[in-house]
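Q: The structure file upload-v8.cif (mmCIF, C-alpha atoms) is provided below.
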data_entry
#
loop_
_atom_site.label_atom_id
_atom_site.label_comp_id
_atom_site.auth_asym_id
_atom_site.auth_seq_id
_atom_site.Cartn_x
_atom_site.Cartn_y
_atom_site.Cartn_z
CA MET A 893 -31.74 98.08 48.58
CA GLU A 894 -33.06 94.80 47.25
CA PHE A 895 -33.35 93.96 43.57
CA THR A 896 -36.72 92.98 42.07
CA GLU A 897 -37.11 89.76 40.08
CA SER A 898 -36.87 91.63 36.81
CA GLN A 899 -33.78 93.55 37.94
CA ILE A 900 -32.08 90.29 38.91
CA GLU A 901 -32.86 89.01 35.43
CA ARG A 902 -31.76 92.25 33.73
CA TYR A 903 -28.41 92.25 35.52
CA SER A 904 -27.97 88.46 35.66
CA ARG A 905 -24.92 88.43 33.37
CA HIS A 906 -23.21 90.83 35.76
CA ILE A 907 -24.37 89.08 38.89
CA ILE A 908 -22.96 85.71 37.79
CA LEU A 909 -19.51 87.28 37.35
CA SER A 910 -17.83 86.54 40.66
CA GLU A 911 -15.92 89.86 40.46
CA VAL A 912 -19.19 91.79 40.27
CA GLY A 913 -21.90 89.66 41.88
CA GLY A 914 -24.92 91.04 43.71
CA LYS A 915 -22.59 93.18 45.82
CA GLY A 916 -21.02 94.88 42.80
CA GLN A 917 -24.38 95.35 41.15
CA LYS A 918 -25.60 97.14 44.30
CA LYS A 919 -22.57 99.43 44.13
CA LEU A 920 -23.52 100.26 40.55
CA ALA A 921 -27.13 100.92 41.58
CA ALA A 922 -25.91 103.30 44.29
CA ALA A 923 -23.48 105.15 42.00
CA LYS A 924 -24.02 108.64 40.59
CA VAL A 925 -22.06 109.39 37.45
CA LEU A 926 -21.96 112.71 35.61
CA ILE A 927 -21.08 112.70 31.93
CA ILE A 928 -19.68 115.96 30.58
CA GLY A 929 -20.88 116.25 26.99
CA ALA A 930 -23.68 114.20 25.43
CA GLY A 931 -21.74 113.90 22.20
CA GLY A 932 -19.40 111.39 20.57
CA LEU A 933 -17.80 110.08 23.77
CA GLY A 934 -20.70 110.74 26.14
CA SER A 935 -23.21 108.83 23.99
CA PRO A 936 -21.70 105.34 24.11
CA ALA A 937 -20.52 105.84 27.70
CA ALA A 938 -24.02 106.88 28.83
CA LEU A 939 -25.65 103.97 27.01
CA TYR A 940 -23.39 101.35 28.62
CA LEU A 941 -23.53 102.86 32.10
CA THR A 942 -27.32 103.01 31.86
CA ALA A 943 -27.46 99.43 30.60
CA ALA A 944 -25.16 98.44 33.48
CA GLY A 945 -27.67 99.80 36.00
CA VAL A 946 -25.74 102.78 37.35
CA GLY A 947 -28.27 104.38 39.72
CA THR A 948 -27.99 107.97 38.54
CA VAL A 949 -26.61 109.09 35.19
CA GLY A 950 -26.26 112.85 34.71
CA LEU A 951 -25.83 114.47 31.31
CA VAL A 952 -24.53 118.00 30.93
CA ASP A 953 -24.57 119.67 27.51
CA GLY A 954 -25.96 122.98 26.29
CA ASP A 955 -26.07 122.03 22.62
CA VAL A 956 -28.82 120.83 20.31
CA VAL A 957 -28.64 117.81 18.02
CA ASP A 958 -27.32 118.55 14.53
CA LEU A 959 -27.45 116.27 11.50
CA SER A 960 -23.64 116.18 11.38
CA ASN A 961 -23.57 114.77 14.94
CA LEU A 962 -25.32 111.54 14.00
CA GLN A 963 -22.25 109.94 12.38
CA ARG A 964 -20.98 109.23 15.93
CA GLN A 965 -23.31 110.57 18.65
CA ILE A 966 -25.46 107.49 19.02
CA LEU A 967 -27.64 108.83 21.85
CA HIS A 968 -29.45 110.87 19.22
CA THR A 969 -31.48 110.03 16.15
CA THR A 970 -32.67 111.70 12.97
CA ALA A 971 -35.96 112.32 14.76
CA THR A 972 -34.31 114.35 17.54
CA ILE A 973 -32.42 116.81 15.31
CA GLY A 974 -32.91 120.30 16.71
CA LYS A 975 -33.74 119.05 20.23
CA LEU A 976 -31.48 119.63 23.22
CA LYS A 977 -28.91 116.84 23.36
CA VAL A 978 -29.61 116.18 27.03
CA GLU A 979 -33.34 115.72 26.33
CA SER A 980 -32.71 113.53 23.32
CA GLY A 981 -30.27 111.51 25.43
CA GLN A 982 -32.61 111.24 28.39
CA ALA A 983 -35.37 109.77 26.21
CA MET A 984 -32.98 107.19 24.76
CA LEU A 985 -31.49 106.20 28.15
CA SER A 986 -34.85 105.97 29.93
CA ALA A 987 -36.15 103.73 27.16
CA LEU A 988 -33.09 101.49 27.55
CA ASN A 989 -33.34 101.17 31.33
CA PRO A 990 -36.18 102.77 33.29
CA ASP A 991 -34.46 101.80 36.59
CA VAL A 992 -31.88 104.49 36.02
CA SER A 993 -32.53 108.05 37.14
CA VAL A 994 -31.33 110.21 34.24
CA LYS A 995 -30.65 113.78 35.36
CA ILE A 996 -30.19 116.43 32.72
CA HIS A 997 -28.30 119.72 32.86
CA PRO A 998 -28.92 121.72 29.67
CA MET A 999 -26.11 124.22 30.19
CA ASN A 1000 -22.54 125.05 29.34
CA ILE A 1001 -20.29 124.49 32.30
CA ALA A 1002 -18.25 127.38 33.62
CA SER A 1003 -16.06 128.07 36.62
CA ASP A 1004 -18.99 129.60 38.54
CA ASN A 1005 -21.34 126.62 38.18
CA ILE A 1006 -19.22 123.48 37.96
CA LEU A 1007 -18.61 122.84 41.66
CA ARG A 1008 -22.31 123.04 42.44
CA LEU A 1009 -23.04 120.76 39.49
CA ILE A 1010 -20.58 118.00 40.38
CA ALA A 1011 -21.33 118.03 44.13
CA ASP A 1012 -24.21 115.55 43.67
CA TYR A 1013 -22.12 112.99 41.80
CA ASP A 1014 -19.37 110.61 42.86
CA LEU A 1015 -17.62 109.97 39.53
CA LEU A 1016 -17.22 112.03 36.37
CA LEU A 1017 -16.57 111.20 32.74
CA ASP A 1018 -15.11 113.92 30.56
CA GLY A 1019 -16.22 113.71 26.96
CA SER A 1020 -15.82 117.39 26.17
CA ASP A 1021 -14.31 118.56 22.95
CA ASN A 1022 -12.24 121.56 23.98
CA PHE A 1023 -9.31 122.27 26.22
CA ALA A 1024 -10.89 125.01 28.34
CA THR A 1025 -13.55 122.58 29.54
CA ARG A 1026 -11.02 119.79 30.00
CA TYR A 1027 -8.78 121.86 32.32
CA LEU A 1028 -11.78 123.31 34.16
CA VAL A 1029 -13.25 119.84 34.78
CA ASN A 1030 -9.83 118.55 35.88
CA ASP A 1031 -9.36 121.36 38.39
CA ALA A 1032 -12.93 121.17 39.72
CA CYS A 1033 -12.67 117.40 40.22
CA PHE A 1034 -9.42 117.86 42.12
CA PHE A 1035 -10.96 120.45 44.47
CA ALA A 1036 -14.13 118.38 44.91
CA LYS A 1037 -12.09 115.14 45.32
CA LYS A 1038 -14.00 113.30 42.60
CA PRO A 1039 -12.37 110.72 40.33
CA LEU A 1040 -12.46 111.64 36.65
CA ILE A 1041 -12.25 109.41 33.61
CA SER A 1042 -10.91 111.42 30.74
CA GLY A 1043 -11.31 110.44 27.09
CA SER A 1044 -10.41 112.38 23.98
CA ILE A 1045 -10.35 111.74 20.26
CA PHE A 1046 -8.84 113.27 17.15
CA ARG A 1047 -9.14 111.93 13.60
CA PHE A 1048 -8.14 108.27 14.09
CA GLU A 1049 -6.53 108.49 17.50
CA GLY A 1050 -7.87 108.37 21.02
CA GLN A 1051 -6.49 108.90 24.52
CA LEU A 1052 -7.88 107.55 27.77
CA THR A 1053 -6.84 107.95 31.38
CA THR A 1054 -8.27 107.90 34.87
CA LEU A 1055 -7.43 110.94 37.01
CA ARG A 1056 -7.37 110.49 40.78
CA PRO A 1057 -4.98 113.19 42.02
CA ASN A 1058 -6.34 112.98 45.57
CA ASP A 1059 -5.25 109.33 45.79
CA GLY A 1060 -1.62 109.97 44.86
CA PHE A 1061 -2.13 109.67 41.10
CA PRO A 1062 -1.58 112.42 38.52
CA CYS A 1063 -4.12 114.96 37.26
CA TYR A 1064 -4.57 116.21 33.70
CA ARG A 1065 -2.15 119.07 34.38
CA CYS A 1066 0.54 116.54 35.37
CA LEU A 1067 -0.02 114.93 31.98
CA TYR A 1068 -0.18 118.10 29.87
CA ALA A 1069 1.08 121.16 31.70
CA GLU A 1070 -0.67 123.60 29.39
CA PRO A 1071 -3.37 123.51 26.75
CA PRO A 1072 -2.37 124.24 23.17
CA PRO A 1073 -3.07 127.85 22.24
CA ALA A 1074 -6.25 128.37 20.22
CA GLY A 1075 -5.62 128.01 16.52
CA LEU A 1076 -2.72 125.61 16.84
CA VAL A 1077 -4.76 122.44 16.77
CA PRO A 1078 -7.33 122.05 14.01
CA ASN A 1079 -10.82 121.27 15.31
CA CYS A 1080 -12.85 118.18 14.40
CA GLN A 1081 -14.84 120.15 11.87
CA GLU A 1082 -11.63 120.88 9.97
CA ALA A 1083 -9.80 117.70 10.81
CA GLY A 1084 -12.62 115.17 10.93
CA VAL A 1085 -13.01 112.25 13.30
CA LEU A 1086 -13.73 108.60 12.65
CA GLY A 1087 -17.23 108.05 14.10
CA VAL A 1088 -16.48 104.59 15.46
CA LEU A 1089 -13.45 105.96 17.29
CA ALA A 1090 -15.79 107.96 19.54
CA GLY A 1091 -17.54 104.68 20.32
CA THR A 1092 -14.30 102.87 21.12
CA ILE A 1093 -13.02 105.49 23.53
CA GLY A 1094 -16.44 106.25 25.05
CA VAL A 1095 -17.03 102.58 25.75
CA LEU A 1096 -13.57 102.25 27.31
CA GLN A 1097 -14.44 105.22 29.56
CA ALA A 1098 -17.57 103.33 30.62
CA ALA A 1099 -15.50 100.20 31.28
CA GLU A 1100 -13.11 102.14 33.51
CA ALA A 1101 -16.08 103.79 35.28
CA VAL A 1102 -17.63 100.40 36.07
CA LYS A 1103 -14.28 99.15 37.40
CA GLU A 1104 -13.86 102.23 39.61
CA ILE A 1105 -17.41 101.88 40.98
CA VAL A 1106 -17.26 98.13 41.61
CA ASP A 1107 -13.61 98.46 42.66
CA ILE A 1108 -12.22 95.61 40.59
CA GLY A 1109 -9.21 95.11 38.36
CA GLU A 1110 -6.39 97.50 37.72
CA SER A 1111 -7.27 101.20 37.54
CA LEU A 1112 -5.93 103.20 34.61
CA ALA A 1113 -4.88 105.93 37.07
CA GLY A 1114 -1.19 106.71 36.49
CA SER A 1115 -1.28 105.48 32.90
CA MET A 1116 -2.56 106.69 29.57
CA LEU A 1117 -3.94 104.41 26.90
CA ILE A 1118 -3.37 105.57 23.33
CA TYR A 1119 -5.44 103.97 20.61
CA ASP A 1120 -4.67 104.17 16.91
CA ALA A 1121 -7.67 103.03 14.87
CA LEU A 1122 -5.79 102.90 11.56
CA GLU A 1123 -3.20 100.51 12.96
CA MET A 1124 -5.58 98.91 15.43
CA SER A 1125 -2.95 99.32 18.08
CA PHE A 1126 -3.17 100.16 21.76
CA ARG A 1127 -0.18 101.55 23.59
CA ARG A 1128 0.12 102.40 27.25
CA THR A 1129 2.41 105.01 28.73
CA ARG A 1130 3.12 105.74 32.35
CA ILE A 1131 2.12 109.15 33.74
CA PRO A 1132 3.97 110.10 36.91
CA LYS A 1133 2.56 112.69 39.28
CA ASP A 1134 4.37 115.92 38.38
CA PRO A 1135 6.10 117.37 41.46
CA THR A 1136 5.86 120.82 39.84
CA CYS A 1137 2.15 120.47 39.02
CA PRO A 1138 0.49 123.86 39.59
CA LEU A 1139 -2.69 122.15 40.79
CA CYS A 1140 -1.93 118.93 42.68
CA GLY A 1141 1.80 119.41 43.36
CA PRO A 1142 3.24 120.29 46.79
CA ASN A 1143 3.44 124.02 45.92
CA PRO A 1144 0.24 124.72 44.02
CA ARG A 1145 -0.35 128.01 42.22
CA ILE A 1146 -3.94 127.16 41.34
CA LYS A 1147 -5.96 127.30 44.54
CA ASP A 1148 -9.45 127.86 43.16
CA LEU A 1149 -11.28 128.08 39.86
CA SER A 1150 -10.53 131.76 39.25
CA ALA A 1151 -7.85 130.87 36.68
CA ASP A 1152 -8.23 132.01 33.10
CA TYR A 1153 -10.70 129.50 31.69
CA ALA A 1154 -12.86 130.63 28.82
CA VAL A 1155 -15.92 132.24 30.44
CA SER A 1156 -18.28 129.64 29.14
CA CYS A 1157 -17.06 126.42 27.65
CA SER A 1158 -18.63 124.99 24.58
CA LEU A 1159 -19.15 121.26 24.67
CA MET B 404 17.78 102.87 14.50
CA ILE B 405 15.19 104.59 16.63
CA LYS B 406 11.53 104.00 15.88
CA VAL B 407 9.40 107.11 16.27
CA ARG B 408 5.62 107.07 16.55
CA ILE B 409 4.05 110.07 14.83
CA PRO B 410 0.63 111.18 16.14
CA THR B 411 -2.27 111.75 13.77
CA PRO B 412 -2.07 115.57 13.80
CA LEU B 413 1.55 115.50 12.58
CA ARG B 414 1.12 112.84 9.91
CA PRO B 415 0.48 115.33 7.10
CA LEU B 416 4.18 116.21 7.55
CA THR B 417 5.39 112.61 7.31
CA GLY B 418 3.40 111.77 4.20
CA GLY B 419 0.80 110.01 6.33
CA LYS B 420 3.29 107.67 8.02
CA GLY B 421 2.50 106.75 11.62
CA GLU B 422 5.94 105.31 12.30
CA VAL B 423 9.27 106.54 11.03
CA GLU B 424 12.87 105.56 11.73
CA THR B 425 15.86 107.74 12.41
CA GLN B 426 19.38 107.71 13.83
CA ALA B 427 19.92 109.80 16.94
CA SER B 428 21.85 109.74 20.20
CA ASP B 429 19.34 111.74 22.22
CA ILE B 430 15.90 113.34 21.97
CA GLN B 431 17.28 116.69 20.83
CA SER B 432 19.21 115.15 17.95
CA MET B 433 16.23 112.95 17.12
CA ILE B 434 14.05 116.05 16.67
CA GLU B 435 16.69 117.68 14.45
CA SER B 436 17.15 114.54 12.42
CA LEU B 437 13.39 114.12 11.97
CA ASN B 438 13.12 117.74 10.91
CA GLY B 439 15.75 117.03 8.25
CA GLN B 440 13.61 114.20 6.89
CA PHE B 441 10.28 115.96 7.38
CA PRO B 442 10.73 119.73 7.27
CA GLY B 443 8.41 121.62 9.62
CA LEU B 444 8.14 118.83 12.20
CA LYS B 445 10.37 120.61 14.71
CA ASP B 446 8.18 123.72 14.64
CA ARG B 447 5.20 121.61 15.60
CA ILE B 448 7.00 119.88 18.49
CA CYS B 449 9.09 122.76 19.82
CA ASP B 450 8.32 126.41 20.51
CA GLY B 451 10.32 129.37 19.14
CA GLY B 452 12.96 128.89 21.84
CA GLY B 453 13.50 125.26 20.87
CA GLU B 454 11.81 123.91 24.02
CA ILE B 455 9.36 121.05 23.68
CA ARG B 456 5.88 122.51 23.77
CA ARG B 457 4.00 122.09 27.04
CA PHE B 458 1.12 120.23 25.42
CA VAL B 459 3.35 117.74 23.62
CA ASN B 460 4.70 114.76 25.51
CA ILE B 461 7.52 112.56 24.31
CA TYR B 462 7.77 109.04 25.64
CA LEU B 463 10.88 106.90 25.46
CA ASN B 464 9.47 103.39 25.42
CA GLU B 465 6.76 103.95 28.07
CA GLU B 466 8.38 106.71 30.11
CA ASP B 467 7.81 110.45 29.81
CA ILE B 468 11.14 112.17 29.04
CA ARG B 469 10.15 115.15 31.24
CA PHE B 470 10.79 112.85 34.20
CA MET B 471 14.03 111.50 32.69
CA ASN B 472 16.57 113.96 31.25
CA GLY B 473 14.24 115.96 29.02
CA LYS B 474 15.71 116.78 25.62
CA THR B 475 19.09 115.31 26.59
CA THR B 476 17.57 111.90 27.39
CA ALA B 477 19.89 109.42 25.67
CA LEU B 478 18.64 107.07 22.98
CA LYS B 479 20.06 103.73 21.96
CA ASP B 480 19.53 101.45 19.01
CA GLY B 481 16.11 99.77 19.14
CA ASP B 482 14.45 102.39 21.34
CA GLU B 483 10.88 103.38 20.60
CA VAL B 484 9.88 106.98 20.97
CA SER B 485 6.27 108.25 20.90
CA ILE B 486 5.24 111.83 20.31
CA VAL B 487 1.87 112.39 22.00
CA PRO B 488 0.17 115.80 21.89
CA ALA B 489 -2.86 116.68 24.00
CA ILE B 490 -6.07 116.20 22.10
CA ALA B 491 -9.47 117.50 23.10
CA GLY B 492 -11.64 116.03 20.43
CA GLY B 493 -13.35 118.97 18.88
CA SER B 494 -14.28 122.60 18.59
CA PRO B 495 -11.92 125.48 19.13
CA VAL B 496 -12.00 127.17 22.50
CA LYS B 497 -14.46 130.03 22.54
CA SER B 498 -12.87 133.13 23.91
CA HIS B 499 -15.00 135.96 25.14
CA LYS B 500 -12.24 138.51 25.00
CA ALA B 501 -12.14 140.79 21.99
CA SER B 502 -8.48 140.86 21.18
CA VAL B 503 -6.01 140.86 18.35
CA ALA B 504 -4.57 137.44 17.71
CA HIS B 505 -1.46 136.75 15.68
CA LEU B 506 -1.54 133.30 14.19
CA ARG B 507 1.04 131.81 11.89
CA PHE B 508 0.24 129.24 9.27
CA HIS B 509 2.30 127.20 6.86
CA LEU B 510 0.63 127.34 3.41
CA ARG B 511 1.54 124.77 0.81
CA PHE B 512 0.49 125.41 -2.79
CA PRO B 513 -0.24 122.38 -4.96
CA GLU B 514 1.10 122.57 -8.50
CA ASP B 515 -2.24 123.58 -10.04
CA LYS B 516 -2.66 126.47 -7.59
CA ILE B 517 0.80 127.93 -7.80
CA LYS B 518 -0.20 130.74 -10.16
CA GLU B 519 -3.30 131.86 -8.27
CA PRO B 520 -3.19 135.14 -6.32
CA VAL B 521 -4.72 133.49 -3.26
CA LEU B 522 -3.56 135.86 -0.52
CA CYS B 523 -4.62 138.90 -2.49
CA LYS B 524 -8.14 137.50 -2.82
CA ILE B 525 -8.24 136.60 0.87
CA ASN B 526 -7.22 140.16 1.78
CA ARG B 527 -10.08 141.53 -0.28
CA GLU B 528 -12.59 139.05 1.09
CA PHE B 529 -11.54 139.43 4.76
CA PRO B 530 -10.46 143.07 5.13
CA SER B 531 -10.38 142.79 8.96
CA VAL B 532 -7.54 140.26 8.78
CA ASP B 533 -4.00 141.36 7.95
CA THR B 534 -1.64 138.94 6.28
CA ASN B 535 2.12 139.16 6.50
CA ILE B 536 4.40 136.75 4.62
CA ARG B 537 7.25 135.84 6.98
CA ARG B 538 9.06 133.18 4.96
CA ALA B 539 8.40 131.76 1.53
CA ASP B 540 9.82 129.62 -1.22
CA VAL B 541 7.82 129.81 -4.42
CA ARG B 542 9.11 128.03 -7.50
CA GLU B 543 7.86 127.06 -10.93
CA LYS B 544 5.84 124.08 -9.73
CA THR B 545 5.81 124.12 -5.95
CA GLY B 546 5.57 126.74 -3.30
CA TRP B 547 5.11 127.28 0.40
CA MET B 548 4.88 130.31 2.61
CA ASP B 549 4.68 131.02 6.31
CA VAL B 550 2.08 133.70 6.78
CA GLU B 551 1.09 135.56 9.92
CA PHE B 552 -2.59 136.39 10.12
CA SER B 553 -3.55 139.19 12.53
CA GLY B 554 -7.02 140.13 13.67
CA ASP B 555 -9.95 138.71 15.58
CA ALA B 556 -9.40 134.96 16.14
CA GLY B 557 -12.81 134.14 14.69
CA ASP B 558 -12.16 136.22 11.57
CA ILE B 559 -8.77 134.55 11.15
CA GLU B 560 -10.47 131.19 11.34
CA LYS B 561 -12.86 132.24 8.54
CA ALA B 562 -9.99 133.57 6.43
CA ILE B 563 -8.08 130.29 6.88
CA GLU B 564 -11.20 128.41 5.87
CA GLY B 565 -11.23 130.60 2.73
CA VAL B 566 -7.59 129.72 2.00
CA ARG B 567 -8.34 126.02 2.42
CA LYS B 568 -11.37 126.28 0.12
CA ARG B 569 -9.04 127.53 -2.59
CA GLY B 570 -7.16 124.25 -2.47
CA ILE B 571 -4.20 125.39 -0.40
CA ILE B 572 -2.91 123.06 2.31
CA VAL B 573 -2.79 124.93 5.61
CA ASP B 574 -1.06 123.85 8.81
CA PRO B 575 -0.94 126.03 11.92
CA ILE B 576 2.58 126.92 13.08
CA GLU B 577 2.33 128.82 16.30
CA LEU B 578 0.20 131.33 18.11
CA ASN B 579 2.05 134.28 19.43
CA VAL B 580 0.41 136.58 21.82
CA VAL B 581 -2.85 138.23 22.55
CA GLU B 582 -2.37 141.97 22.70
#
Translate the structure of the given file into structure tokens.

A:
Amino acid sequence: MEFTESQIERYSRHIILSEVGGKGQKKLAAAKVLIIGAGGLGSPAALYLTAAGVGTVGLVDGDVVDLSNLQRQILHTTATIGKLKVESGQAMLSALNPDVSVKIHPMNIASDNILRLIADYDLLLDGSDNFATRYLVNDACFFAKKPLISGSIFRFEGQLTTLRPNDGFPCYRCLYAEPPPAGLVPNCQEAGVLGVLAGTIGVLQAAEAVKEIVDIGESLAGSMLIYDALEMSFRRTRIPKDPTCPLCGPNPRIKDLSADYAVSCSL
Amino acid sequence: MIKVRIPTPLRPLTGGKGEVETQASDIQSMIESLNGQFPGLKDRICDGGGEIRRFVNIYLNEEDIRFMNGKTTALKDGDEVSIVPAIAGGSPVKSHKASVAHLRFHLRFPEDKIKEPVLCKINREFPSVDTNIRRADVREKTGWMDVEFSGDAGDIEKAIEGVRKRGIIVDPIELNVVE
């Protein structure tokens, strides 16, 4: 594909970066990225990927916009309260960059629909807010051989990692073998979350996505970044591939998506 | 001295502190020593059998102790240890199975609430949820109890919300089984 005059101008600050250039910008234009959850993490990630000229941005979320979302979910506005988040998000993203094809999936993902859903995309961002979805997305991405950029937030703390288990790096199950049982971890409604924190982690997910697509810099695969907003500190830990991993280890127990995920995962 | 990084979810137990110091020769003794300073911390990190919970990772400097010597990983002066639990960022997992859940919570009563018959009121307000006091220490001015709530997980959540609304500080301890 060739860029138009106005596209060259729109992406000029990328194109003059030697690491990106016209070649990298074309990779972005050809990329298809699916964002799981059009909420706190998905909002800033979707905005920056759309601004960056990613060719196709998919949003999956079955929820509608609520007033209490607006403290952090910047894809939505007071005027879109009550609308489907994916529709509210699509309007915002298309207004930001009409070059981008914004695909919407107003649904909750489940083990019987996720593989079909992700087949059309080449990179995923997980911005979901519950463990059932997180493990389901991890497993589906492993089977479908799609890289996954995982972000999560709680109160003042965020975690970020890139999962590429098919390239010799760990998966989410290597990092955390099992999800916490329901009831053990307070939810955001009880515990609260700093709105800006969602922005910080969501934007870092977008940054890692751009790097994966353009294939520059050092991937976060094999490491986890931990951000503490109160201290303004970033720490990085190493995540080895777990040789006993039930999904991506040499003797896997999980061979399909029939494991015990919640039937339908709330985003 | 060993520096230990405390994650946000556990900070209510350390008086809000994100970094604490302790003396310990290995991870196991570090957990015990921390629990001495901050009672209840061990229960949050380890399961009933004393094993580190599968959704809690402990890093010595930047390395995961699961891939070193686990709980017996040796510590030396100046080491930095981070406790990092899995976080998802939001709502509780929706389960579609109707089942009886047994959830344990640590209830702390502030001084002005110590005389209120909170559990009795909760029992009346949420008759589908059973409460069972497993451990308690109630004194003139302070009090805590470990209470097991049994019933539908959603109803338990509402009952806990009711306890919190009455000014009691509630921390989850452990989820046992689904029957």

Q: Pull out every residue that the PyMOL selection byres ((chain A and resi 1130) around 6) matches in the shown coordinates and put them as a count of residues only.

A: 5

Q: When you look at Phe1061 in chain A with a cut-off of 7 Å (counting only C-alpha atoms), what residues show up, excluding the ones that are within fewer than 5 positions of it in the same chain? I need them as a list of chain:residue names.

A: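 Residues meeting the cut-off are A:Leu1055, A:Arg1056, A:Ala1113, A:Gly1114, A:Lys1133.
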
Q: Excluding Ile559 in chain B and its own-chain neighbours fewer than 3 positions away, which residues fall within 9 Å of it when counting only C-alpha atoms? Please give them as a ChimeraX atom specification.

A: /B:504-506,529,531-533,552-556,562-564

Q: Residue by residue, what does the PyMOL selection byres ((chain A and resi 992-994) around 6) grab here? Present the result as a PyMOL selection string.

A: chain A and resi 947-950+989-991+995

Q: On this structure, the PyMOL selection byres ((chain B and resi 513-523) around 7) would catch which residues? List them as JSON, numbers by chain, sorted by chain and number.

A: {"B": [511, 512, 524, 525, 526, 527, 544, 545, 546, 571]}

Q: Rank nothing, just name the residue among B:Ala539, B:Met548, B:Leu416, B:Ile430 nearest to Met471 in chain B, using all atoms listed in the file.

A: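 For Met471 in chain B, the nearest of the candidates is B:Ile430.
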
Q: Taking only residues of range 957-1070 of chain A that have an atom at most 10 Å from an atom of range 919-934 of chain A, what is each one's shortest atom pair and its distance in Å to one decimal, using all atoms listed in the file, in chain and number order, as a tab-separated table?

A:
residue	atom	partner	partner_atom	distance
A:Val957	CA	A:Gly931	CA	9.0
A:Asn961	CA	A:Gly931	CA	7.5
A:Leu962	CA	A:Gly932	CA	8.8
A:Gln963	CA	A:Gly932	CA	8.8
A:Arg964	CA	A:Gly932	CA	5.4
A:Gln965	CA	A:Gly932	CA	4.4
A:Ile966	CA	A:Gly932	CA	7.4
A:Leu967	CA	A:Ala930	CA	7.6
A:His968	CA	A:Gly931	CA	8.8
A:Leu976	CA	A:Ala930	CA	9.8
A:Lys977	CA	A:Ala930	CA	6.2
A:Val978	CA	A:Ala930	CA	6.5
A:Glu979	CA	A:Ala930	CA	9.8
A:Ser980	CA	A:Ala930	CA	9.3
A:Gly981	CA	A:Ala930	CA	7.1
A:Gln982	CA	A:Ala930	CA	9.9
A:Asp991	CA	A:Ala921	CA	8.9
A:Val992	CA	A:Ala921	CA	8.1
A:Ser993	CA	A:Lys924	CA	9.2
A:Val994	CA	A:Leu926	CA	9.8
A:Lys995	CA	A:Leu926	CA	8.8
A:Ile996	CA	A:Leu926	CA	9.5
A:His997	CA	A:Ile928	CA	9.7
A:Asn1000	CA	A:Gly929	CA	9.3
A:Ile1001	CA	A:Ile928	CA	8.7
A:Leu1009	CA	A:Leu926	CA	9.0
A:Ile1010	CA	A:Leu926	CA	7.3
A:Asp1012	CA	A:Lys924	CA	7.6
A:Tyr1013	CA	A:Lys924	CA	4.9
A:Asp1014	CA	A:Lys924	CA	5.5
A:Leu1015	CA	A:Val925	CA	4.9
A:Leu1016	CA	A:Leu926	CA	4.8
A:Leu1017	CA	A:Ile927	CA	4.8
A:Asp1018	CA	A:Ile928	CA	5.0
A:Gly1019	CA	A:Leu933	CA	5.1
A:Ser1020	CA	A:Gly929	CA	5.3
A:Asp1021	CA	A:Gly929	CA	8.1
A:Thr1025	CA	A:Ile928	CA	9.1
A:Arg1026	CA	A:Ile928	CA	9.5
A:Val1029	CA	A:Ile928	CA	8.6
A:Leu1040	CA	A:Leu926	CA	9.6
A:Ile1041	CA	A:Ile927	CA	9.6
A:Ser1042	CA	A:Ile928	CA	9.9
A:Gly1043	CA	A:Leu933	CA	7.3
A:Ser1044	CA	A:Leu933	CA	7.7
A:Ile1045	CA	A:Leu933	CA	8.4

Q: CA of Lys420 in chain B and CA of Lys474 in chain B, how far apart in Å?

A: 23.4 Å

Q: Which distance in Å separates CA of Ala1101 in chain A and CA of Pro1135 in chain A, to one decimal?

A: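 CA of Ala1101 in chain A sits 26.7 Å away from CA of Pro1135 in chain A.
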
Q: State, in Å with one decimal place, the distance from CA of Ile1146 in chain A to CA of Thr1053 in chain A.

A: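 Separating CA of Ile1146 in chain A from CA of Thr1053 in chain A is a distance of 21.8 Å.
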
Q: Counting only C-alpha atoms, which residues have an atom no more than 6 Å from (-16.5, 94.3, 40.4) in the file's coordinates? Please list them as a compact mmCIF listing (two decimals) with C-alpha atoms, in the frame of the given file.

A:
# COMPACT_ATOMS: atom_id res chain seq x y z
CA GLU A 911 -15.92 89.86 40.46
CA VAL A 912 -19.19 91.79 40.27
CA GLY A 916 -21.02 94.88 42.80
CA VAL A 1106 -17.26 98.13 41.61
CA ASP A 1107 -13.61 98.46 42.66
CA ILE A 1108 -12.22 95.61 40.59

Q: Tell me which of A:Gln899, A:Ser935, A:Thr942, A:Gln1051 sits closest to chain B, counting all atoms listed in the file.

A: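 Using all atoms listed in the file, chain B sits closest to A:Gln1051.
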
Q: Please provide as a list in words all residues within 10 Å of Pro442 in chain B, with the sequence filter that same-chain residues fewer than 5 positions apart are discarded (counting only C-alpha atoms).

A: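 Listing them by chain and then by number gives Leu416, Thr417, Glu435, Ser436 and Leu437 of chain B.
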
Q: Closest to chain B among A:Ala944, A:Leu985, A:Leu1052, A:Val956, using only C-alpha atoms?

A: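 Checking each of A:Ala944, A:Leu985, A:Leu1052, A:Val956 against chain B, counting only C-alpha atoms, the winner is A:Leu1052.
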
Q: Name the closest residue to chain A among the candidates B:Pro488, B:Gly570, B:Gly565, B:Gly443; distances are taken between atoms, counting all atoms listed in the file.

A: B:Pro488
